[in-house]
Amino acid sequence: MENSTENSILVDGIKTIWGWLNPALPEKIVEKALDIGCSVFQSEVSRYKNVEEGLGRLKRTSERIDSLLTDAEERRHIDDVSVKKWLRDLKSVSFNTDDLLDTYQTALNVHKKRKRYQINFPSLLPELGPFQRRRFAAEIDKVDNKLEEISKSRQTLRLRGTDGAKKQATGQNILPFQTGSCHDSARILGLVREKKEILELLTDAGASTSVPMPRITFVVIHGAAGIGKTTLAQMVYDDPSLNFGIKAWVCLTERCDVSTAMKKIYEKMTGLKCDYGDFGTVQERLREHLKRRPEDNFLLVIDNLWASDFHFLETLIVPLLAGRKGSKVLITTRYERTCQVCEPIQRFKLTGLHYEDCWLLIQSLALPQGIDHHKDLEPIGKEIAMRCYGSPMAAKALGALLNRRSAEEWSNVLSEMQALKDDSNGPVLASLKISYHHLRYRLKQCFGYCSIFPNGCLFERDQLIRYWIAEGLIQPEGRRRLEAVGIKYFDDLLWRSFFEKVPICDKDQVERYRMPSLMHDLAKQVSEYEFQGLLSGNRVFESRGIEEAQVRYASFIQQSDDSTLNLECIQPYSHLRTLKFSHELSNGLVPLNSTPAHFFCKFVHLRVLDMSNSDLEQVPISVGELIHLRFLGLSNTKIRTLPEKICDLFNLQTLELKGCSKLQHLPKGLQRLFNLRHLDLHLDWEEITDSTEVAIPRGIGQLGDLQTLPRFNVVSDKGQDCNMIELNHLNLRGDLCILNLEKVPMGDAKNANLEEKQFIEKLMLRWHSSARTNKRHQQESEEVIKAIKPHNKLTCLWIVNYPGTKYPTWMGDTSFEKLETIRISNCNNFKFLSLFGKLSRLINLQIDNVPGDTISMLVGFQSLKHLILKNLKSLEDVILRNLNSLCKLTLENEMPELKVVFISGCSVFQAVVMEGDLHNKYERGTLIVDAK
């Protein structure tokens with residue numbers, strides 16, 4: 001009644017004014033026009049007032065959609081093409097709803113933070129004024145209309161909540177956490193004989209003495225996808241009996257051209273980055289490298305050689321002929337024709353495991369306690385093993401699936417395998433699909449998302465989990481950190497063989513993983529309507545009948561022979577949530593430096609933007625407009641600074657800046673990134689110098705969710721940069737390198753509260769080299785290092801340029817029972833070794849660039865395996881006695897005064913490794929080894 005009165009007064013007032021302005025118009029026309037106008041106005045006012053109500057309704061609808069999709073994926077088999085399309089449309093609307101709700105929630109949160117902390121957010125999301133509320137109302141109407149359209153489609157299709165055949169319950173949440181060792185041993189079941197045969201071919205054990213040895217022998221393992229070719233090659237490659245001066249492993253992607261393959265081989269065999277653009281130059285440089293090492297034969301593994309034409313392989317072979325006679329090339333391929341490309345060649349056809357071996361493999365994972373108490377499962381299990389078609393990958397995946405399941409569930413899996421026997425993608429992939437179908441919906445999403453990685457690409461666990469969190473794929477579980485829940489997801493997929501661990505072969509000892517080739521095919525298949533691969537500006541998949549608006553994830557792969565970037569191909573996919581750039585070469589740089597400043601304005605829905613491993617020197621200003629962005633990857637780029645506009649990214653959780661050696665300072669508004677969890681500034685500790693400084697602004701201590709901060713530069717109390725006290729309330733994890741400790745007052749060192757930070761595993765304490773000759777710094781540093789005591793769960797400690805002469809007692813405290821590695825570099829003296837003798841877990845001890853004439857280690861060190869002495873110019877004597885676990889002593893260059901090394905009572909001691917000129921050192925010195 002009140003609104004009606006208001007409208008009547010409003011109409012009468014407007015009529016009067018309109019009559020003054022337009023006396024010639026008839027009153028009825030004016031009245032009708034005004035009635036229509038007031039009706040529209042009232043509707044707009046209602047929409048303006050009901051924004052919160054509409055968003056609340058959408059949130060509830062979004063939750064119902066999520067429940068329906070979960071039900072469809074976890075509980076029902078749906079084969080009808082129309083129903084699948086309807087579910088895709090529903091999921092697309094779910095993404096749009098999520099964007100809208102996230103925009104509104106961000107605006108609210110920014111407004112709250114602005115009022116509470118009086119922090120200015122210059123350009124991001126103004127307060128909820130009339131224009132913004134009207135925009136929200138319009139977007140709500142769009143989503144409502146789309147939902148209504150989908151609802152009508154459901155009625156047309158006559159869909160019900162019970163559509164689809166119901167799946168059997170499979171006890172999804174059971175995960176055997178004791179699986180590590182048995183899963184590793186399961187990798188090699190049934191391949192022992194095959195490994196022995198390949199080793200004989202590579203070591204010439206079976207070669208005839210009457211036949212001259214060829215310069216290069218080619219051994220080709222060929223067989224169907226998923227049959228175990230890569231696993232067998234890896235087992236051979238890792239065998240300690242192989243004696244090659246050069247060993248290299250190269251994995252080729254499906255669309256890898258001969259130029260890229262040649263560059264990969266060059267990088268792996270030389271250990272150098274390939275900066276040569278000309279193909280012929282790469283060949284010549286590799287040939288010269290091999291000629292310079294005539295005493296070293298080589299073993300080159302080319303994994304997943306897809307090309308079967310003569311020219312491709314012949315071109316790769318040409319520079320290898322410069323290698324030492326007796327070198328070997330081991331090739332894995334799906335194509336038998338590869339065996340006919342060159343001679344002399346040894347062919348090895350891998351037909352897969354015998355079904356009995358498949359059954360043993362399944363048993364080792366499904367029944368780790370043995371078959372004795374599960375005899376009823378044996379006939380079903382053997383039938384399942386026969387339908388693995390010799391694939392160890394399928395056997396492992398199904399063994400993990402069947403772990404701790406009932407006989408009924410085993411029978412259900414067998415029925416599914418029988419139903420999929422005619423799958424057009426092949427029987428092995430069909431078996432893997434079954435394992436996929438039994439995953440929980442969240443795990444299916446996480447696995448499908450991994451299609452963004454190129455085939456054969458190595459990735460780190462933590463980075464992938466940060467992607468998942470940014471995309472909202474990790475569901476909270478009580479008070480557990482999202483990262484901890486993500487690790488559980490990852491371990492589950494790893495256990496089920498969707499991922500595999502790659503042997504550590506890099507100096508930073510970071511564990512890396514990859515998806516087996518067939519699993520990668522499966523990931524692309526299950527995400528085909530949401531993922532688009534782009535290869536140097538061309539779509540990898542064409543004519544799939546996919547709407548561009550439904551594509552949410554894109555991976556742009558730059559080919560090695562392209563120096564320019566074609567970004568036009570990305571523009572149609574304006575609804576992308578993830579955009580990842582990568583290069584075909586492991587050390588290649590994507591040419592992103594010329595990206596237009598406003599290029600990313602169109603991609604307002606991005607959650608993940610990874611521009612790592614590129615030549616980027618400046619971050620495009622438009623990145624600061626991506627209000628939904630959670631993950632920004634800039635690792636291994638050439639950037640020196642970050643624009644202040646980055647600090648407008650209120651939702652940003654991860655800012656990756658690993659390996660950015662040219663980075664000088666972070667933006668001053670960093671404290672506005674209230675949701676930041678990972679500020680990854682990691683640099684290889686070997687590359688850190690006195691000039692390695694990144695100015696971190698004040699206020700970082702206010703970021704309560706921050707967990708990762710690998711590098712922290714200490715500054716004086718003056719200026720706008722932060723000091724060590726700001727570490728006090730941060731609950732950091734992983735690595736922490738503290739630089740410029742000469743600037744730290746003793747009070748600040750204690751207030752940093754490192755002793756309470758139980759999740760820091762590796763700690764570097766570094767002073768500037770000039771502090772070693774400063775008397776004041778020498779005295780103060782002894783108080784600082786005493787006050788900076790870390791938590792006793794530390795595993796690695798590295799002290800560099802310490803100016804003091806006294807060492808704190810905490811360094812040898814027996815409570816540091818997890819401390820495995822200690823390194824002392826460029827310190828004033830090393831009369832501290834007795835401190836370490838009682839550390840029960842100390843395995844690695846390295847001392848370098850420390851003055852002194854004698855190293856004496858007489859007692860303790862019960863777990864020490866590696867002792868490395870490097871660049872000790874004044875060292876004369878090394879005395880090692882009763883070090884029961886010492887295995888190896890490594891002596892490196894620049895120890896010209898070393899005269900005596902005396903080793904006694906080290907019962908497991910194996911070798912002294914002398915580098916470079918030290919090979920001839922003991923013509924004038926004495927090496928006494930009396931290990932027994």
# chains A, B, ... in the order shown; residues from 1 in each chain; ligands from 1
>>> closest_atom_pairs(of="stretch 654-718 of chain A", to="stretch 727-750 of chain A", cutoff="10 Å", atoms="only C-alpha atoms", output="Markdown table")
| residue | atom | partner | partner_atom | distance |
| --- | --- | --- | --- | --- |
| A:Arg677 | CA | A:Leu732 | CA | 9.6 |
| A:His678 | CA | A:Leu732 | CA | 9.5 |
| A:Asp680 | CA | A:Asp735 | CA | 9.9 |
| A:Leu681 | CA | A:Leu736 | CA | 9.8 |
| A:His682 | CA | A:Asp735 | CA | 8.2 |
| A:Leu683 | CA | A:Cys737 | CA | 9.3 |
| A:Trp685 | CA | A:Cys737 | CA | 8.3 |
| A:Ile688 | CA | A:Leu739 | CA | 9.3 |
| A:Thr689 | CA | A:Leu739 | CA | 9.5 |
| A:Asp690 | CA | A:Asn740 | CA | 8.3 |
| A:Thr692 | CA | A:Leu739 | CA | 8.5 |
| A:Glu693 | CA | A:Leu739 | CA | 7.9 |
| A:Val694 | CA | A:Leu739 | CA | 9.8 |
| A:Ile700 | CA | A:Leu727 | CA | 8.3 |
| A:Gly701 | CA | A:Leu727 | CA | 6.2 |
| A:Gln702 | CA | A:His729 | CA | 8.1 |
| A:Leu703 | CA | A:Leu730 | CA | 7.6 |
| A:Gly704 | CA | A:Leu730 | CA | 6.4 |
| A:Asp705 | CA | A:Leu730 | CA | 7.9 |
| A:Leu706 | CA | A:Leu730 | CA | 6.6 |
| A:Gln707 | CA | A:Leu732 | CA | 4.4 |
| A:Thr708 | CA | A:Leu732 | CA | 5.7 |
| A:Leu709 | CA | A:Leu736 | CA | 6.6 |
| A:Pro710 | CA | A:Leu736 | CA | 4.3 |
| A:Arg711 | CA | A:Cys737 | CA | 4.7 |
| A:Phe712 | CA | A:Ile738 | CA | 4.9 |
| A:Asn713 | CA | A:Leu739 | CA | 4.9 |
| A:Val714 | CA | A:Asn740 | CA | 5.5 |
| A:Val715 | CA | A:Lys743 | CA | 6.3 |
| A:Ser716 | CA | A:Lys743 | CA | 5.9 |
| A:Asp717 | CA | A:Lys743 | CA | 9.0 |
>>> residues_around(residues="A:Lys786", least_positions_apart="6", cutoff="12 Å", atoms="only C-alpha atoms", output="list in words")
Met746, Gly747, Ala749, Lys750, Leu754, Glu755, Leu765, Gln779, Glu780, Gly804, Lys806, Tyr807, Pro808, Thr809, Trp810 and Met811 of chain A
>>> select_by_dssp(residues="stretch 201-348 of chain A", states="alpha helix (DSSP H)", output="number ranges by chain")
A: 201-203, 229-237, 258-270, 279-291, 310-317
>>> residues_around(residues="A:Cys796", least_positions_apart="6", cutoff="6 Å", atoms="only C-alpha atoms", output="VMD selection string")
chain A and resid 762 819 821 to 822
>>> write_last_selection(atoms="C-alpha atoms", output="CSV table (one decimal), in the first residue's frame")
chain,number,residue,atom,x,y,z
A,762,LYS,CA,65.8,-26.6,6.0
A,819,LEU,CA,69.1,-33.2,11.6
A,821,THR,CA,72.7,-32.5,6.8
A,822,ILE,CA,75.0,-29.8,8.0
>>> residues_around(residues="A:Asp239", least_positions_apart="6", cutoff="12 Å", atoms="only C-alpha atoms", output="list of chain:residue names")
A:Val192, A:Lys195, A:Lys196, A:Ile198, A:Leu199, A:Leu202, A:Thr203, A:Leu232, A:Ala233, A:Lys247
>>> closest_residue(among="A:Leu891, A:Leu58, A:Leu201, A:Leu652", to="A:Asp141", atoms="only C-alpha atoms")
A:Leu58
>>> residues_around(residues="A:Gly56", least_positions_apart="5", cutoff="12 Å", atoms="only C-alpha atoms", output="list of chain:residue names")
A:Asn50, A:Val51, A:Thr61, A:Ser62, A:Glu63, A:Thr97, A:Leu100, A:Leu101, A:Tyr104, A:Gln105, A:Ile140
>>> write_last_selection(atoms="N, CA and C atoms", output="mmCIF file, in the first residue's frame")
data_model
loop_
_atom_site.group_PDB
_atom_site.id
_atom_site.type_symbol
_atom_site.label_atom_id
_atom_site.label_comp_id
_atom_site.auth_asym_id
_atom_site.auth_seq_id
_atom_site.Cartn_x
_atom_site.Cartn_y
_atom_site.Cartn_z
ATOM 1 N N ASN A 50 17.003 -6.676 -4.287
ATOM 2 C CA ASN A 50 16.993 -8.125 -4.087
ATOM 3 C C ASN A 50 18.266 -8.820 -4.572
ATOM 4 N N VAL A 51 19.368 -8.072 -4.709
ATOM 5 C CA VAL A 51 20.619 -8.670 -5.157
ATOM 6 C C VAL A 51 21.055 -9.761 -4.194
ATOM 7 N N THR A 61 21.378 -23.003 -5.236
ATOM 8 C CA THR A 61 21.262 -23.735 -6.501
ATOM 9 C C THR A 61 22.594 -24.360 -6.881
ATOM 10 N N SER A 62 23.672 -23.613 -6.684
ATOM 11 C CA SER A 62 25.008 -24.114 -6.997
ATOM 12 C C SER A 62 25.327 -25.359 -6.178
ATOM 13 N N GLU A 63 24.950 -25.352 -4.919
ATOM 14 C CA GLU A 63 25.190 -26.516 -4.058
ATOM 15 C C GLU A 63 24.397 -27.727 -4.541
ATOM 16 N N THR A 97 28.042 -19.525 -12.267
ATOM 17 C CA THR A 97 27.498 -19.164 -10.962
ATOM 18 C C THR A 97 28.614 -18.952 -9.954
ATOM 19 N N LEU A 100 30.207 -15.576 -10.444
ATOM 20 C CA LEU A 100 29.356 -14.484 -9.954
ATOM 21 C C LEU A 100 29.393 -14.401 -8.428
ATOM 22 N N LEU A 101 29.265 -15.541 -7.768
ATOM 23 C CA LEU A 101 29.298 -15.563 -6.307
ATOM 24 C C LEU A 101 30.672 -15.120 -5.793
ATOM 25 N N TYR A 104 31.022 -11.286 -6.013
ATOM 26 C CA TYR A 104 30.275 -10.608 -4.946
ATOM 27 C C TYR A 104 30.981 -10.773 -3.595
ATOM 28 N N GLN A 105 31.422 -12.005 -3.296
ATOM 29 C CA GLN A 105 32.079 -12.249 -2.009
ATOM 30 C C GLN A 105 33.387 -11.470 -1.910
ATOM 31 N N ILE A 140 22.682 -12.020 -12.463
ATOM 32 C CA ILE A 140 21.810 -13.017 -11.830
ATOM 33 C C ILE A 140 20.700 -13.422 -12.782
#
>>> residues_around(residues="stretch 150-152 of chain A", least_positions_apart="5", cutoff="8 Å", atoms="only C-alpha atoms", output="count of residues only")
3
>>> atom_distance(atom1="atom CA of A:Ser781", atom2="atom CA of A:Met724")
14.7 Å
>>> atom_distance(atom1="atom CA of A:Glu409", atom2="atom CA of A:His438")
11.0 Å
>>> atom_distance(atom1="atom CA of A:Ser563", atom2="atom CA of A:Ser594")
11.2 Å
>>> residues_around(residues="A:Leu845", least_positions_apart="6", cutoff="8 Å", atoms="only C-alpha atoms", output="PyMOL selection string")
chain A and resi 821-823+864+866-868
>>> decode(residues="stretch 64-101 of chain A", atoms="N, CA and C atoms", output="PDB file, in the first residue's frame")
ATOM      1  N   ARG A  64      23.159 -27.479  -5.004  1.00  0.00           N
ATOM      2  CA  ARG A  64      22.341 -28.584  -5.520  1.00  0.00           C
ATOM      3  C   ARG A  64      22.929 -29.128  -6.823  1.00  0.00           C
ATOM      4  N   ILE A  65      23.434 -28.222  -7.678  1.00  0.00           N
ATOM      5  CA  ILE A  65      24.070 -28.659  -8.923  1.00  0.00           C
ATOM      6  C   ILE A  65      25.277 -29.531  -8.607  1.00  0.00           C
ATOM      7  N   ASP A  66      26.085 -29.098  -7.650  1.00  0.00           N
ATOM      8  CA  ASP A  66      27.272 -29.857  -7.269  1.00  0.00           C
ATOM      9  C   ASP A  66      26.882 -31.242  -6.760  1.00  0.00           C
ATOM     10  N   SER A  67      25.810 -31.305  -5.981  1.00  0.00           N
ATOM     11  CA  SER A  67      25.344 -32.603  -5.476  1.00  0.00           C
ATOM     12  C   SER A  67      24.879 -33.495  -6.615  1.00  0.00           C
ATOM     13  N   LEU A  68      24.185 -32.904  -7.591  1.00  0.00           N
ATOM     14  CA  LEU A  68      23.693 -33.696  -8.723  1.00  0.00           C
ATOM     15  C   LEU A  68      24.860 -34.232  -9.556  1.00  0.00           C
ATOM     16  N   LEU A  69      25.870 -33.371  -9.805  1.00  0.00           N
ATOM     17  CA  LEU A  69      27.028 -33.808 -10.580  1.00  0.00           C
ATOM     18  C   LEU A  69      27.806 -34.887  -9.839  1.00  0.00           C
ATOM     19  N   THR A  70      27.926 -34.725  -8.526  1.00  0.00           N
ATOM     20  CA  THR A  70      28.603 -35.739  -7.719  1.00  0.00           C
ATOM     21  C   THR A  70      27.873 -37.063  -7.798  1.00  0.00           C
ATOM     22  N   ASP A  71      26.543 -37.005  -7.696  1.00  0.00           N
ATOM     23  CA  ASP A  71      25.731 -38.226  -7.780  1.00  0.00           C
ATOM     24  C   ASP A  71      25.917 -38.898  -9.139  1.00  0.00           C
ATOM     25  N   ALA A  72      25.905 -38.070 -10.194  1.00  0.00           N
ATOM     26  CA  ALA A  72      26.021 -38.623 -11.546  1.00  0.00           C
ATOM     27  C   ALA A  72      27.375 -39.298 -11.751  1.00  0.00           C
ATOM     28  N   GLU A  73      28.444 -38.697 -11.192  1.00  0.00           N
ATOM     29  CA  GLU A  73      29.790 -39.225 -11.399  1.00  0.00           C
ATOM     30  C   GLU A  73      30.115 -40.403 -10.485  1.00  0.00           C
ATOM     31  N   GLU A  74      29.590 -40.379  -9.259  1.00  0.00           N
ATOM     32  CA  GLU A  74      29.996 -41.387  -8.290  1.00  0.00           C
ATOM     33  C   GLU A  74      29.046 -42.576  -8.206  1.00  0.00           C
ATOM     34  N   ARG A  75      27.764 -42.347  -8.530  1.00  0.00           N
ATOM     35  CA  ARG A  75      26.795 -43.396  -8.232  1.00  0.00           C
ATOM     36  C   ARG A  75      26.130 -43.991  -9.462  1.00  0.00           C
ATOM     37  N   ARG A  76      26.304 -43.363 -10.644  1.00  0.00           N
ATOM     38  CA  ARG A  76      25.520 -43.847 -11.781  1.00  0.00           C
ATOM     39  C   ARG A  76      26.345 -43.945 -13.062  1.00  0.00           C
ATOM     40  N   HIS A  77      26.066 -44.969 -13.848  1.00  0.00           N
ATOM     41  CA  HIS A  77      26.625 -45.082 -15.201  1.00  0.00           C
ATOM     42  C   HIS A  77      25.658 -44.405 -16.160  1.00  0.00           C
ATOM     43  N   ILE A  78      26.104 -43.380 -16.838  1.00  0.00           N
ATOM     44  CA  ILE A  78      25.242 -42.677 -17.781  1.00  0.00           C
ATOM     45  C   ILE A  78      25.873 -42.779 -19.162  1.00  0.00           C
ATOM     46  N   ASP A  79      25.189 -43.436 -20.073  1.00  0.00           N
ATOM     47  CA  ASP A  79      25.705 -43.654 -21.418  1.00  0.00           C
ATOM     48  C   ASP A  79      25.021 -42.787 -22.462  1.00  0.00           C
ATOM     49  N   ASP A  80      23.822 -42.292 -22.164  1.00  0.00           N
ATOM     50  CA  ASP A  80      23.058 -41.531 -23.137  1.00  0.00           C
ATOM     51  C   ASP A  80      23.777 -40.224 -23.490  1.00  0.00           C
ATOM     52  N   VAL A  81      24.004 -39.991 -24.788  1.00  0.00           N
ATOM     53  CA  VAL A  81      24.751 -38.819 -25.244  1.00  0.00           C
ATOM     54  C   VAL A  81      24.026 -37.531 -24.869  1.00  0.00           C
ATOM     55  N   SER A  82      22.699 -37.503 -24.994  1.00  0.00           N
ATOM     56  CA  SER A  82      21.923 -36.302 -24.683  1.00  0.00           C
ATOM     57  C   SER A  82      22.015 -35.957 -23.200  1.00  0.00           C
ATOM     58  N   VAL A  83      21.972 -36.975 -22.367  1.00  0.00           N
ATOM     59  CA  VAL A  83      22.070 -36.743 -20.925  1.00  0.00           C
ATOM     60  C   VAL A  83      23.459 -36.219 -20.574  1.00  0.00           C
ATOM     61  N   LYS A  84      24.504 -36.776 -21.205  1.00  0.00           N
ATOM     62  CA  LYS A  84      25.858 -36.300 -20.951  1.00  0.00           C
ATOM     63  C   LYS A  84      26.003 -34.828 -21.343  1.00  0.00           C
ATOM     64  N   LYS A  85      25.403 -34.459 -22.493  1.00  0.00           N
ATOM     65  CA  LYS A  85      25.468 -33.067 -22.920  1.00  0.00           C
ATOM     66  C   LYS A  85      24.729 -32.174 -21.942  1.00  0.00           C
ATOM     67  N   TRP A  86      23.596 -32.647 -21.441  1.00  0.00           N
ATOM     68  CA  TRP A  86      22.822 -31.872 -20.464  1.00  0.00           C
ATOM     69  C   TRP A  86      23.658 -31.641 -19.192  1.00  0.00           C
ATOM     70  N   LEU A  87      24.387 -32.646 -18.760  1.00  0.00           N
ATOM     71  CA  LEU A  87      25.233 -32.515 -17.573  1.00  0.00           C
ATOM     72  C   LEU A  87      26.382 -31.537 -17.832  1.00  0.00           C
ATOM     73  N   ARG A  88      26.902 -31.549 -19.070  1.00  0.00           N
ATOM     74  CA  ARG A  88      27.964 -30.587 -19.395  1.00  0.00           C
ATOM     75  C   ARG A  88      27.439 -29.163 -19.339  1.00  0.00           C
ATOM     76  N   ASP A  89      26.245 -28.953 -19.863  1.00  0.00           N
ATOM     77  CA  ASP A  89      25.643 -27.618 -19.809  1.00  0.00           C
ATOM     78  C   ASP A  89      25.433 -27.185 -18.359  1.00  0.00           C
ATOM     79  N   LEU A  90      25.002 -28.137 -17.552  1.00  0.00           N
ATOM     80  CA  LEU A  90      24.766 -27.831 -16.140  1.00  0.00           C
ATOM     81  C   LEU A  90      26.079 -27.449 -15.449  1.00  0.00           C
ATOM     82  N   LYS A  91      27.142 -28.171 -15.787  1.00  0.00           N
ATOM     83  CA  LYS A  91      28.442 -27.862 -15.183  1.00  0.00           C
ATOM     84  C   LYS A  91      28.934 -26.494 -15.636  1.00  0.00           C
ATOM     85  N   SER A  92      28.680 -26.145 -16.893  1.00  0.00           N
ATOM     86  CA  SER A  92      29.080 -24.843 -17.406  1.00  0.00           C
ATOM     87  C   SER A  92      28.379 -23.720 -16.643  1.00  0.00           C
ATOM     88  N   VAL A  93      27.090 -23.896 -16.389  1.00  0.00           N
ATOM     89  CA  VAL A  93      26.356 -22.903 -15.598  1.00  0.00           C
ATOM     90  C   VAL A  93      26.889 -22.846 -14.173  1.00  0.00           C
ATOM     91  N   SER A  94      27.294 -23.993 -13.663  1.00  0.00           N
ATOM     92  CA  SER A  94      27.878 -24.035 -12.324  1.00  0.00           C
ATOM     93  C   SER A  94      29.139 -23.179 -12.258  1.00  0.00           C
ATOM     94  N   PHE A  95      29.974 -23.248 -13.298  1.00  0.00           N
ATOM     95  CA  PHE A  95      31.177 -22.401 -13.359  1.00  0.00           C
ATOM     96  C   PHE A  95      30.790 -20.922 -13.365  1.00  0.00           C
ATOM     97  N   ASN A  96      29.781 -20.563 -14.187  1.00  0.00           N
ATOM     98  CA  ASN A  96      29.360 -19.164 -14.271  1.00  0.00           C
ATOM     99  C   ASN A  96      28.811 -18.668 -12.938  1.00  0.00           C
ATOM    100  N   THR A  97      28.042 -19.525 -12.267  1.00  0.00           N
ATOM    101  CA  THR A  97      27.498 -19.164 -10.962  1.00  0.00           C
ATOM    102  C   THR A  97      28.614 -18.952  -9.954  1.00  0.00           C
ATOM    103  N   ASP A  98      29.615 -19.833 -10.014  1.00  0.00           N
ATOM    104  CA  ASP A  98      30.765 -19.716  -9.112  1.00  0.00           C
ATOM    105  C   ASP A  98      31.485 -18.386  -9.320  1.00  0.00           C
ATOM    106  N   ASP A  99      31.647 -17.979 -10.588  1.00  0.00           N
ATOM    107  CA  ASP A  99      32.293 -16.694 -10.880  1.00  0.00           C
ATOM    108  C   ASP A  99      31.510 -15.534 -10.277  1.00  0.00           C
ATOM    109  N   LEU A 100      30.207 -15.576 -10.444  1.00  0.00           N
ATOM    110  CA  LEU A 100      29.356 -14.484  -9.954  1.00  0.00           C
ATOM    111  C   LEU A 100      29.393 -14.401  -8.428  1.00  0.00           C
ATOM    112  N   LEU A 101      29.265 -15.541  -7.768  1.00  0.00           N
ATOM    113  CA  LEU A 101      29.298 -15.563  -6.307  1.00  0.00           C
ATOM    114  C   LEU A 101      30.672 -15.120  -5.793  1.00  0.00           C
TER     115      LEU A 101
END
